[in-house]
$ cat work_39.txt   # compact mmCIF, C-alpha atoms and all ligand atoms
# COMPACT_ATOMS: atom_id res chain seq x y z
CA MET Y 1 -22.19 26.08 19.40
CA SER Y 2 -20.29 22.85 18.85
CA GLU Y 3 -21.20 19.60 20.58
CA SER Y 4 -18.67 17.05 21.87
CA PHE Y 5 -18.65 13.26 21.64
CA VAL Y 6 -16.57 10.41 23.08
CA ILE Y 7 -14.27 8.53 20.69
CA THR Y 8 -13.22 5.05 21.83
CA VAL Y 9 -10.03 3.89 20.13
CA GLU Y 10 -9.59 0.12 19.84
CA PRO Y 11 -7.54 -1.99 20.38
CA LEU Y 12 -6.08 0.51 22.87
CA GLY Y 13 -9.35 0.95 24.77
CA ARG Y 14 -8.51 4.68 25.14
CA GLN Y 15 -11.28 7.29 25.18
CA VAL Y 16 -10.95 10.84 23.84
CA VAL Y 17 -13.40 13.75 23.73
CA CYS Y 18 -13.85 15.22 20.23
CA ARG Y 19 -15.87 18.26 19.11
CA ASP Y 20 -18.27 17.78 16.22
CA ASP Y 21 -16.23 20.25 14.11
CA GLN Y 22 -12.91 18.54 14.91
CA PRO Y 23 -11.30 15.67 12.96
CA ILE Y 24 -11.01 12.52 15.08
CA LEU Y 25 -7.26 12.36 14.36
CA ASP Y 26 -6.77 15.86 15.70
CA ALA Y 27 -8.57 15.07 18.97
CA CYS Y 28 -6.57 11.87 19.42
CA LEU Y 29 -3.15 13.40 18.66
CA ARG Y 30 -3.83 16.31 21.02
CA ALA Y 31 -4.84 13.84 23.77
CA GLY Y 32 -1.60 11.89 23.28
CA VAL Y 33 -3.33 8.92 21.59
CA TRP Y 34 -1.14 8.24 18.57
CA LEU Y 35 -2.91 7.08 15.40
CA PRO Y 36 -1.28 6.41 12.01
CA HIS Y 37 -1.33 9.41 9.66
CA SER Y 38 0.74 11.18 7.03
CA CYS Y 39 -0.83 13.92 4.86
CA THR Y 40 -3.60 14.92 7.33
CA HIS Y 41 -5.81 16.16 4.46
CA GLY Y 42 -7.64 13.12 3.12
CA THR Y 43 -5.27 12.20 0.29
CA CYS Y 44 -2.85 9.42 1.31
CA ALA Y 45 -5.21 6.95 3.09
CA THR Y 46 -2.61 6.21 5.80
CA CYS Y 47 -5.15 7.04 8.51
CA LYS Y 48 -7.88 4.71 7.16
CA CYS Y 49 -9.51 2.62 9.88
CA ASP Y 50 -12.73 0.81 10.79
CA LEU Y 51 -15.82 2.52 12.16
CA VAL Y 52 -17.05 -0.07 14.66
CA ASP Y 53 -19.90 1.96 16.10
CA GLY Y 54 -21.47 5.41 15.72
CA ASP Y 55 -21.86 8.02 12.97
CA VAL Y 56 -19.33 10.35 11.34
CA ASP Y 57 -19.25 13.05 8.68
CA HIS Y 58 -16.50 12.03 6.22
CA GLY Y 59 -15.66 15.69 5.55
CA GLU Y 60 -13.16 16.43 2.80
CA ALA Y 61 -11.91 12.82 2.36
CA SER Y 62 -10.87 12.37 -1.27
CA SER Y 63 -12.94 9.84 -3.21
CA PHE Y 64 -9.64 8.16 -4.21
CA ALA Y 65 -8.37 7.71 -0.65
CA LEU Y 66 -11.78 6.60 0.67
CA MET Y 67 -13.92 5.04 -2.03
CA ASP Y 68 -17.70 4.91 -1.90
CA PHE Y 69 -17.79 1.16 -1.24
CA GLU Y 70 -15.33 1.63 1.65
CA ARG Y 71 -17.61 4.24 3.22
CA ASP Y 72 -20.45 1.70 2.87
CA GLU Y 73 -18.27 -0.98 4.47
CA GLY Y 74 -17.67 1.23 7.52
CA LYS Y 75 -14.20 2.65 6.81
CA LEU Y 76 -13.21 6.21 7.63
CA LEU Y 77 -10.25 8.56 7.37
CA THR Y 78 -9.55 9.86 10.87
CA CYS Y 79 -7.91 13.03 9.50
CA CYS Y 80 -11.22 14.11 7.91
CA ALA Y 81 -14.01 12.34 9.83
CA ARG Y 82 -15.88 14.37 12.43
CA PRO Y 83 -18.16 12.64 14.96
CA ARG Y 84 -21.94 12.89 14.77
CA SER Y 85 -22.42 10.64 17.84
CA ASP Y 86 -20.20 8.76 20.30
CA VAL Y 87 -17.95 6.67 18.07
CA THR Y 88 -15.80 3.55 18.36
CA ILE Y 89 -12.99 3.09 15.82
CA GLU Y 90 -10.51 0.28 15.36
CA ALA Y 91 -7.08 1.26 14.03
CA ASP Y 92 -4.01 -0.68 12.99
CA ILE Y 93 -1.54 0.85 15.42
CA ASP Y 94 2.08 -0.20 15.02
CA VAL Y 95 3.93 0.93 18.11
CA ASP Y 96 7.70 1.47 17.96
CA GLU Y 97 8.89 0.91 21.54
CA ASP Y 98 12.05 2.98 20.94
CA LEU Y 99 10.07 6.01 19.84
CA GLU Y 100 8.29 8.48 22.09
CA MET Y 101 5.48 10.27 20.22
CA TYR Y 102 4.63 13.73 21.55
CA PRO Y 103 1.12 15.21 21.72
CA VAL Y 104 0.12 17.88 19.21
CA GLU Y 105 -0.09 21.39 20.68
CA ASP Y 106 -0.69 24.91 19.37
CA TYR Y 107 2.11 27.48 19.20
CA VAL Y 108 2.58 31.05 18.01
CA ALA Y 109 5.43 31.38 15.51
CA THR Y 110 7.40 34.48 14.51
CA LEU Y 111 9.22 34.41 11.17
CA VAL Y 112 12.87 35.32 11.81
CA GLU Y 113 14.44 34.41 8.45
CA LYS Y 114 13.28 34.01 4.85
CA THR Y 115 16.09 33.31 2.37
CA GLU Y 116 16.04 32.14 -1.24
CA ILE Y 117 18.26 29.03 -1.32
CA ALA Y 118 17.57 27.52 -4.78
CA THR Y 119 15.28 28.12 -7.75
CA ASP Y 120 11.74 28.66 -6.40
CA THR Y 121 12.86 27.49 -2.95
CA VAL Y 122 13.12 29.39 0.33
CA ARG Y 123 14.42 28.60 3.78
CA LEU Y 124 12.12 29.79 6.56
CA VAL Y 125 13.26 29.99 10.15
CA ILE Y 126 10.61 30.49 12.81
CA GLU Y 127 10.84 31.09 16.52
CA LEU Y 128 8.10 29.58 18.68
CA ASP Y 129 6.58 31.12 21.79
CA ARG Y 130 7.87 28.09 23.75
CA ASP Y 131 9.84 24.88 23.22
CA ILE Y 132 8.34 22.03 21.22
CA ALA Y 133 9.18 18.32 21.62
CA PHE Y 134 9.31 16.36 18.35
CA ASN Y 135 11.12 13.56 16.55
CA ALA Y 136 13.56 14.23 13.72
CA GLY Y 137 11.55 14.06 10.47
CA GLN Y 138 8.18 15.28 11.79
CA TYR Y 139 6.26 18.28 10.44
CA LEU Y 140 4.17 21.25 11.57
CA LYS Y 141 0.88 22.63 10.31
CA PHE Y 142 0.98 26.34 9.45
CA THR Y 143 -2.18 28.40 9.39
CA VAL Y 144 -2.12 30.30 6.11
CA PRO Y 145 -4.12 33.50 6.72
CA ALA Y 146 -7.39 34.29 4.98
CA THR Y 147 -6.91 36.40 1.84
CA ALA Y 148 -6.82 40.14 2.43
CA ASP Y 149 -9.92 40.67 0.24
CA GLY Y 150 -11.82 38.04 2.26
CA ALA Y 151 -12.26 35.86 -0.85
CA ALA Y 152 -10.90 32.77 0.95
CA ASP Y 153 -10.72 31.57 4.57
CA SER Y 154 -7.52 30.54 6.32
CA VAL Y 155 -6.20 27.08 5.42
CA ASP Y 156 -3.68 24.71 6.98
CA ARG Y 157 -0.51 23.68 5.13
CA THR Y 158 2.09 21.19 6.31
CA TRP Y 159 5.85 21.74 6.06
CA SER Y 160 8.53 19.48 7.46
CA ILE Y 161 10.94 20.58 10.17
CA ALA Y 162 14.49 20.61 8.75
CA SER Y 163 16.25 21.17 12.08
CA PRO Y 164 16.89 18.61 14.85
CA PRO Y 165 14.88 18.19 18.09
CA SER Y 166 17.91 19.53 20.03
CA GLU Y 167 16.83 22.99 18.76
CA PRO Y 168 13.29 23.07 20.21
CA ARG Y 169 12.42 26.77 19.81
CA ARG Y 170 14.05 27.93 16.53
CA LEU Y 171 12.89 25.71 13.67
CA GLU Y 172 14.01 25.58 10.03
CA PHE Y 173 11.80 24.78 6.99
CA HIS Y 174 12.36 24.52 3.23
CA VAL Y 175 9.43 25.48 1.03
CA ARG Y 176 9.18 25.14 -2.75
CA LEU Y 177 6.86 27.28 -4.86
CA VAL Y 178 3.82 25.49 -6.28
CA PRO Y 179 2.25 27.69 -8.99
CA GLY Y 180 -1.33 28.50 -8.04
CA GLY Y 181 -0.85 27.16 -4.50
CA ARG Y 182 -2.57 29.02 -1.62
CA GLY Y 183 0.21 28.43 0.88
CA THR Y 184 3.28 28.91 -1.32
CA ALA Y 185 2.46 31.22 -4.27
CA GLY Y 186 -0.25 32.96 -2.23
CA TRP Y 187 1.63 33.42 1.05
CA VAL Y 188 5.23 32.20 1.54
CA PHE Y 189 6.34 33.57 -1.86
CA GLY Y 190 3.91 36.47 -1.56
CA GLY Y 191 3.39 38.69 1.43
CA LEU Y 192 4.98 36.62 4.25
CA ALA Y 193 7.72 38.77 5.81
CA VAL Y 194 10.23 38.55 8.66
CA GLY Y 195 8.52 39.62 11.89
CA ASP Y 196 5.12 38.20 10.90
CA GLN Y 197 3.38 36.08 13.53
CA PHE Y 198 1.05 33.16 12.80
CA PRO Y 199 -0.33 30.01 14.50
CA VAL Y 200 1.29 26.61 13.97
CA SER Y 201 0.55 23.21 15.50
CA GLY Y 202 2.43 19.96 15.80
CA PRO Y 203 4.34 17.76 15.80
CA TYR Y 204 2.72 15.48 13.18
CA GLY Y 205 3.84 12.51 11.13
CA ARG Y 206 5.48 9.14 11.39
CA PHE Y 207 8.39 9.69 8.96
CA VAL Y 208 11.04 9.78 11.68
CA LEU Y 209 14.58 8.55 12.19
CA HIS Y 210 14.46 5.17 13.92
CA THR Y 211 17.43 5.58 16.21
CA GLY Y 212 17.26 2.10 17.75
CA GLU Y 213 18.74 0.72 14.49
CA ASP Y 214 22.27 0.79 13.10
CA ASN Y 215 21.63 -0.51 9.57
CA HIS Y 216 23.11 1.35 6.63
CA THR Y 217 20.43 3.94 5.83
CA ILE Y 218 19.94 5.08 2.25
CA MET Y 219 18.23 8.47 2.21
CA VAL Y 220 16.73 9.82 -0.99
CA ALA Y 221 15.50 13.42 -1.24
CA GLY Y 222 13.81 15.16 -4.15
CA GLY Y 223 13.35 18.94 -3.96
CA THR Y 224 12.34 20.10 -0.50
CA GLY Y 225 11.99 16.43 0.44
CA LEU Y 226 15.43 17.20 1.83
CA ALA Y 227 13.88 19.00 4.82
CA PRO Y 228 12.95 16.05 7.09
CA ILE Y 229 16.03 14.15 5.93
CA LYS Y 230 18.27 17.05 6.93
CA ALA Y 231 16.64 16.96 10.39
CA MET Y 232 17.32 13.21 10.61
CA LEU Y 233 20.92 13.54 9.44
CA ARG Y 234 21.67 16.36 11.84
CA HIS Y 235 20.06 14.42 14.68
CA GLY Y 236 21.80 11.16 13.73
CA LEU Y 237 25.27 12.68 13.20
CA GLU Y 238 25.59 15.91 15.19
CA ASN Y 239 23.64 14.58 18.18
CA ALA Y 240 25.29 11.13 17.84
CA ALA Y 241 21.84 9.48 17.82
CA TYR Y 242 22.63 6.97 15.05
CA ASP Y 243 25.63 4.61 14.85
CA GLY Y 244 25.18 3.18 11.36
CA GLU Y 245 26.34 4.33 7.97
CA MET Y 246 24.17 7.01 6.32
CA THR Y 247 24.14 7.88 2.62
CA LEU Y 248 22.20 10.81 1.20
CA TYR Y 249 21.15 10.93 -2.46
CA GLN Y 250 19.89 14.44 -3.25
CA GLY Y 251 18.30 14.81 -6.68
CA GLY Y 252 17.91 17.98 -8.75
CA ARG Y 253 17.76 18.95 -12.40
CA SER Y 254 20.81 21.24 -12.21
CA ARG Y 255 22.90 22.94 -9.53
CA GLU Y 256 20.49 25.83 -9.26
CA TRP Y 257 17.79 23.41 -8.04
CA LEU Y 258 20.01 21.90 -5.33
CA TYR Y 259 20.67 23.60 -2.02
CA ASP Y 260 22.76 23.09 1.13
CA VAL Y 261 25.37 21.28 -1.00
CA ASP Y 262 28.26 22.95 0.86
CA TYR Y 263 26.69 22.06 4.19
CA PHE Y 264 26.34 18.35 3.35
CA THR Y 265 29.78 18.26 1.73
CA SER Y 266 31.36 19.52 4.95
CA LEU Y 267 29.20 17.12 7.00
CA ALA Y 268 30.59 14.24 4.89
CA ALA Y 269 34.14 15.48 5.51
CA GLU Y 270 33.48 15.60 9.25
CA PHE Y 271 31.70 12.24 9.71
CA ASP Y 272 33.16 9.03 8.24
CA GLN Y 273 29.78 7.31 8.61
CA PHE Y 274 28.15 9.79 6.17
CA THR Y 275 28.37 9.73 2.35
CA TYR Y 276 26.86 12.52 0.25
CA ARG Y 277 25.77 11.99 -3.38
CA PRO Y 278 24.25 15.11 -4.98
CA CYS Y 279 22.82 14.03 -8.37
CA LEU Y 280 22.20 16.21 -11.43
CA SER Y 281 19.70 14.86 -13.95
CA GLU Y 282 19.91 17.58 -16.64
CA GLU Y 283 23.40 19.03 -16.24
CA THR Y 284 26.53 17.24 -17.45
CA ALA Y 285 30.05 17.05 -16.00
CA ASP Y 286 31.28 19.13 -18.95
CA GLN Y 287 28.76 21.89 -18.18
CA VAL Y 288 29.77 21.90 -14.51
CA ALA Y 289 33.47 22.11 -15.47
CA ALA Y 290 32.84 24.82 -18.12
CA SER Y 291 31.24 27.07 -15.49
CA GLY Y 292 34.18 26.64 -13.10
CA GLY Y 293 32.52 24.00 -10.87
CA ASP Y 294 34.06 20.74 -9.68
CA PRO Y 295 32.60 17.96 -11.87
CA ALA Y 296 33.77 15.30 -9.39
CA ALA Y 297 31.51 16.78 -6.69
CA TYR Y 298 28.35 15.43 -8.39
CA ALA Y 299 26.86 12.23 -9.78
CA TYR Y 300 25.06 12.50 -13.12
CA GLY Y 301 21.64 11.10 -14.02
CA MET Y 302 18.34 10.50 -12.25
CA VAL Y 303 18.83 9.83 -8.57
CA THR Y 304 17.33 6.36 -9.05
CA ASP Y 305 19.87 5.50 -11.79
CA VAL Y 306 22.74 6.66 -9.59
CA ILE Y 307 21.54 4.50 -6.69
CA ALA Y 308 21.12 1.49 -8.99
CA ALA Y 309 24.66 1.99 -10.36
CA ASP Y 310 26.15 2.43 -6.87
CA HIS Y 311 24.60 -0.71 -5.31
CA ALA Y 312 24.11 -4.23 -6.66
CA SER Y 313 22.27 -5.13 -3.44
CA LEU Y 314 20.89 -3.12 -0.55
CA SER Y 315 19.84 -6.16 1.43
CA GLY Y 316 19.94 -5.39 5.17
CA CYS Y 317 19.72 -1.60 4.63
CA LYS Y 318 16.90 0.78 5.54
CA GLY Y 319 15.49 3.32 3.10
CA TYR Y 320 14.16 6.82 3.83
CA LEU Y 321 12.46 8.47 0.83
CA CYS Y 322 10.94 11.93 0.70
CA GLY Y 323 9.66 14.30 -1.94
CA PRO Y 324 7.01 14.52 -4.66
CA PRO Y 325 4.84 11.35 -4.89
CA LEU Y 326 6.16 10.28 -8.32
CA MET Y 327 9.78 10.56 -7.20
CA VAL Y 328 9.05 8.56 -4.03
CA GLU Y 329 7.40 5.83 -6.09
CA ALA Y 330 10.35 5.66 -8.52
CA ALA Y 331 12.83 5.46 -5.64
CA LEU Y 332 10.71 2.80 -3.95
CA LYS Y 333 10.90 0.66 -7.12
CA THR Y 334 14.67 1.13 -7.30
CA LEU Y 335 15.25 0.15 -3.67
CA MET Y 336 12.95 -2.89 -4.06
CA SER Y 337 14.88 -3.92 -7.20
CA ARG Y 338 17.99 -3.86 -4.98
CA ARG Y 339 16.40 -6.29 -2.48
CA LEU Y 340 14.96 -3.92 0.09
CA PHE Y 341 11.56 -5.00 1.40
CA PRO Y 342 8.81 -2.33 1.56
CA ARG Y 343 8.70 -2.80 5.35
CA ASP Y 344 12.30 -1.54 5.50
CA ILE Y 345 11.53 1.59 3.51
CA TYR Y 346 10.15 4.65 5.33
CA ARG Y 347 8.68 7.35 3.12
CA GLU Y 348 6.90 10.70 3.09
CA GLU Y 349 5.13 11.95 -0.02
CA PHE Y 350 4.51 15.68 -0.28
CA PHE Y 351 0.87 15.45 -1.39
CA ASN Y 352 -0.87 18.76 -2.13
CA GLU Y 353 -4.45 19.82 -2.90
CA GLY Y 354 -3.97 19.03 -6.61
CA ASP Y 355 -2.96 15.44 -5.75
CA LYS Y 356 -6.07 15.14 -3.63
CA ALA Y 357 -8.27 16.18 -6.53
CA GLY Y 358 -6.47 13.91 -9.02
CA GLY Y 359 -5.85 10.80 -6.92
CA VAL Y 360 -2.28 9.56 -6.58
CA ASN Y 361 -2.47 6.27 -4.75
CA SER Y 362 0.08 3.86 -6.12
CA PRO Y 363 -0.53 0.10 -6.30
CA LEU Y 364 3.05 -0.27 -5.01
CA ILE Y 365 2.35 1.61 -1.83
CA LYS Y 366 0.29 -0.41 0.61
CA ARG Y 367 -1.56 1.74 3.15
C1 LIG A 1 3.59 15.43 5.37
C2 LIG A 1 3.90 16.52 4.39
C3 LIG A 1 5.04 17.28 4.57
C4 LIG A 1 5.36 18.28 3.64
N1 LIG A 1 6.52 19.00 3.78
C5 LIG A 1 6.86 19.92 2.85
C6 LIG A 1 8.09 20.66 2.94
O1 LIG A 1 8.86 20.49 3.87
N2 LIG A 1 8.36 21.56 1.97
C7 LIG A 1 7.52 21.78 0.91
O2 LIG A 1 7.86 22.61 0.04
N3 LIG A 1 6.35 21.10 0.80
C8 LIG A 1 6.00 20.20 1.75
N4 LIG A 1 4.81 19.52 1.66
C9 LIG A 1 3.82 19.98 0.64
C10 LIG A 1 3.01 21.12 1.27
O3 LIG A 1 2.24 20.63 2.34
C11 LIG A 1 2.06 21.77 0.28
O4 LIG A 1 1.26 20.79 -0.30
C12 LIG A 1 2.81 22.53 -0.81
O5 LIG A 1 3.70 23.45 -0.20
C13 LIG A 1 1.83 23.25 -1.73
O6 LIG A 1 0.98 24.03 -0.95
P1 LIG A 1 0.12 25.20 -1.58
O7 LIG A 1 -0.83 25.65 -0.55
O8 LIG A 1 1.03 26.24 -2.17
O9 LIG A 1 -0.60 24.49 -2.78
P2 LIG A 1 -2.11 23.96 -2.84
O10 LIG A 1 -3.06 25.04 -2.51
O11 LIG A 1 -2.19 22.69 -2.06
O12 LIG A 1 -2.22 23.64 -4.38
C14 LIG A 1 -1.32 22.72 -5.02
C15 LIG A 1 -1.64 22.66 -6.50
O13 LIG A 1 -2.92 22.07 -6.68
C16 LIG A 1 -3.77 22.96 -7.36
N5 LIG A 1 -5.09 22.80 -6.73
C17 LIG A 1 -5.50 23.32 -5.55
N6 LIG A 1 -6.76 22.93 -5.26
C18 LIG A 1 -7.14 22.14 -6.30
C19 LIG A 1 -8.33 21.43 -6.62
N7 LIG A 1 -9.39 21.45 -5.80
N8 LIG A 1 -8.38 20.74 -7.77
C20 LIG A 1 -7.32 20.68 -8.61
N9 LIG A 1 -6.16 21.34 -8.38
C21 LIG A 1 -6.07 22.05 -7.23
C22 LIG A 1 -3.16 24.34 -7.21
O14 LIG A 1 -3.47 25.20 -8.29
C23 LIG A 1 -1.68 24.02 -7.18
O15 LIG A 1 -1.15 23.90 -8.47
C24 LIG A 1 4.50 18.53 2.55
C25 LIG A 1 3.33 17.77 2.40
C26 LIG A 1 3.04 16.77 3.29
C27 LIG A 1 1.81 15.94 3.10
S1 LIG A 2 -3.53 11.16 6.88
FE1 LIG A 2 -5.61 10.85 6.42
S2 LIG A 2 -5.64 10.56 4.30
FE2 LIG A 2 -3.55 11.08 4.70

$ encode --input "work_39.txt" --output "structure tokens"
Amino acid sequence: MSESFVITVEPLGRQVVCRDDQPILDACLRAGVWLPHSCTHGTCATCKCDLVDGDVDHGEASSFALMDFERDEGKLLTCCARPRSDVTIEADIDVDEDLEMYPVEDYVATLVEKTEIATDTVRLVIELDRDIAFNAGQYLKFTVPATADGAADSVDRTWSIASPPSEPRRLEFHVRLVPGGRGTAGWVFGGLAVGDQFPVSGPYGRFVLHTGEDNHTIMVAGGTGLAPIKAMLRHGLENAAYDGEMTLYQGGRSREWLYDVDYFTSLAAEFDQFTYRPCLSEETADQVAASGGDPAAYAYGMVTDVIAADHASLSGCKGYLCGPPLMVEAALKTLMSRRLFPRDIYREEFFNEGDKAGGVNSPLIKR
């Protein structure tokens, strides 16, 4: 039977009860005490904070995200640490007054749509057993079932909500196949079928549209990094939540790797404040024309080169970057070279279990 302990969160002075088999972050988010976090699996170090008093088990924290000397110095990752006594932690909590953060809750989801939308990419639509409150850009945790032969237990995987908060029961997701991955190759691209039911929890994350601002936002999406950005764009434009200009750079090798191009093209035609720049890195204008496509509909080159060519300066803008860690880092460098400060760049890196094992922390990205 599990035991429970009291977690005191400073400087808030809030107290939360946490089971000894429960990560401290989980207990806090469920109690409505918001702590910084991103990956929730011990890889990104966003949730690192000080252990002021008490004992914890560091769990599955990666040795890259929480180094041995940091453990000795009394640091912990709240997404992995489980209490072994009453505990006091001190976290660096940056509160955005314009943003209401909603507590994490459990839901039962039913899969109502699974459609292939690009190479190795599917759109999932789920219906929840009740409405969920979230901010545009947040994500859910899906419980991937144990393998049928019992060789592996259930695991949690995180996928970003691609639909806006105005649709609180029917949620859209974009998932890309990762060869050898438990959640994608082993489930979403395997046996998962329309009608299946499974547990999800959320909302998680801090990569959200900051609606109190009206700066020109430059949004950069690689692969399914488009998902949270689509939620933000739909919220900002269709729900009239954002007044400023919004430009989306969507990167893909060729047209077969891009998706929702028609949707964003029509969104750009409808809203003057929105500019859409789909970028092809390995397909040329001649190839697009030769296959009957419209070469003028695309930009050519790496998404970072297209941004650099489009803008001599992005001073005063805000950046939103999402996708694989290496793409996010490259885009971060490009935006900084165009005079955007890191504090004006919001980002979400899609870390997976392989990244956790290999260590991916960039010296550019301060946690
Ligand atoms: C905040 C957040 C939001 C995300 N949103 C999305 C989204 O909207 N869409 C999306 O497609 N993805 C998203 N991701 C990524 C997603 O969570 C998964 O990481 C991804 O789908 C792969 O999951 P998987 O279970 O298939 O792979 P995993 O099981 O995590 O494996 C990934 C790779 O690592 C290898 N691997 C596994 N374990 C180890 C190990 N111990 N040592 C070495 N290698 C190992 C596997 O063979 C595989 O190649 C998001 C990630 C984060 C952090
Ligand atoms: S949220 Fe804890 S390491 Fe990423």

$ residues_near_ligand --input "work_39.txt" --ligand "ligand LIG 2 (chain A)" --cutoff "6 Å" --atoms "all atoms listed in the file" --output "number ranges by chain"
Y: 37-47, 77, 79

$ residues_around --input "work_39.txt" --residues "Lys356 of chain Y" --least-positions-apart "3" --cutoff "7 Å" --atoms "all atoms listed in the file" --output "PyMOL selection string"
chain Y and resi 43+62+352-353+359

$ residues_around --input "work_39.txt" --residues "Glu113 of chain Y" --least-positions-apart "5" --cutoff "10 Å" --atoms "all atoms listed in the file" --output "mmCIF file with C-alpha atoms, in the coordinates of the input"
data_model
loop_
_atom_site.group_PDB
_atom_site.id
_atom_site.type_symbol
_atom_site.label_atom_id
_atom_site.label_comp_id
_atom_site.auth_asym_id
_atom_site.auth_seq_id
_atom_site.Cartn_x
_atom_site.Cartn_y
_atom_site.Cartn_z
ATOM 1 C CA VAL Y 122 13.120 29.390 0.330
ATOM 2 C CA ARG Y 123 14.420 28.600 3.780
ATOM 3 C CA LEU Y 124 12.120 29.790 6.560
ATOM 4 C CA VAL Y 125 13.260 29.990 10.150
ATOM 5 C CA ILE Y 126 10.610 30.490 12.810
ATOM 6 C CA GLU Y 127 10.840 31.090 16.520
ATOM 7 C CA GLU Y 172 14.010 25.580 10.030
ATOM 8 C CA ALA Y 193 7.720 38.770 5.810
ATOM 9 C CA VAL Y 194 10.230 38.550 8.660
ATOM 10 C CA GLY Y 195 8.520 39.620 11.890
#

$ residues_near_ligand --input "work_39.txt" --ligand "ligand LIG 1 (chain A)" --cutoff "8 Å" --atoms "all atoms listed in the file" --output "NGL selection string"
:Y and (38-41 or 121 or 138-139 or 157-162 or 173-187 or 204-205 or 223-228 or 323 or 348-358)

$ atom_distance --input "work_39.txt" --atom1 "atom CA of Leu35 of chain Y" --atom2 "atom CA of Phe134 of chain Y"
15.6 Å

$ residues_around --input "work_39.txt" --residues "Ala109 of chain Y" --least-positions-apart "4" --cutoff "10 Å" --atoms "all atoms listed in the file" --output "PyMOL selection string"
chain Y and resi 125-130+142+169-171+195-201

$ atom_distance --input "work_39.txt" --atom1 "atom CA of Tyr300 of chain Y" --atom2 "atom CA of Pro278 of chain Y"
8.6 Å

$ residues_around --input "work_39.txt" --residues "Ala268 of chain Y" --least-positions-apart "4" --cutoff "12 Å" --atoms "only C-alpha atoms" --output "ChimeraX atom specification"
/Y:233-234,237-238,245-248,261-264,272-278,297

$ closest_residue --input "work_39.txt" --among "Y:Pro165, Y:Gly316, Y:Pro203, Y:Gly191" --to "Asp26 of chain Y" --atoms "only C-alpha atoms"
Y:Pro203

$ closest_residue --input "work_39.txt" --among "Y:Gly292, Y:Asn215, Y:Asp286, Y:Val328" --to "Ser315 of chain Y" --atoms "all atoms listed in the file"
Y:Asn215

$ atom_distance --input "work_39.txt" --atom1 "atom CA of Glu60 of chain Y" --atom2 "atom CA of Asp153 of chain Y"
15.4 Å

$ closest_residue --input "work_39.txt" --among "Y:Ala65, Y:Ala31, Y:Val188, Y:Leu332" --to "Ile218 of chain Y" --atoms "all atoms listed in the file"
Y:Leu332

$ closest_residue --input "work_39.txt" --among "Y:Val87, Y:Ala296, Y:Ala308, Y:Ala290" --to "Arg338 of chain Y" --atoms "only C-alpha atoms"
Y:Ala308

$ residues_near_point --input "work_39.txt" --point "(-23.2, 8.6, 13.3)" --cutoff "12 Å" --atoms "all atoms listed in the file" --output "ChimeraX atom specification"
/Y:5-7,20,51-58,74,76,81-89

$ residues_around --input "work_39.txt" --residues "Val95 of chain Y" --least-positions-apart "2" --cutoff "12 Å" --atoms "all atoms listed in the file" --output "mmCIF file with C-alpha atoms, keeping the file's coordinate frame"
data_model
loop_
_atom_site.group_PDB
_atom_site.id
_atom_site.type_symbol
_atom_site.label_atom_id
_atom_site.label_comp_id
_atom_site.auth_asym_id
_atom_site.auth_seq_id
_atom_site.Cartn_x
_atom_site.Cartn_y
_atom_site.Cartn_z
ATOM 1 C CA LEU Y 12 -6.080 0.510 22.870
ATOM 2 C CA VAL Y 33 -3.330 8.920 21.590
ATOM 3 C CA TRP Y 34 -1.140 8.240 18.570
ATOM 4 C CA LEU Y 35 -2.910 7.080 15.400
ATOM 5 C CA PRO Y 36 -1.280 6.410 12.010
ATOM 6 C CA ALA Y 91 -7.080 1.260 14.030
ATOM 7 C CA ASP Y 92 -4.010 -0.680 12.990
ATOM 8 C CA ILE Y 93 -1.540 0.850 15.420
ATOM 9 C CA GLU Y 97 8.890 0.910 21.540
ATOM 10 C CA ASP Y 98 12.050 2.980 20.940
ATOM 11 C CA LEU Y 99 10.070 6.010 19.840
ATOM 12 C CA GLU Y 100 8.290 8.480 22.090
ATOM 13 C CA MET Y 101 5.480 10.270 20.220
ATOM 14 C CA ARG Y 206 5.480 9.140 11.390
#

$ axis_aligned_box --input "work_39.txt" --around "segment 348-357 of chain Y" --padding-each-side "8 Å" --output "AutoDock Vina command-line options"
--center_x -0.7 --center_y 15.3 --center_z -1.8 --size_x 31.2 --size_y 25.1 --size_z 25.7
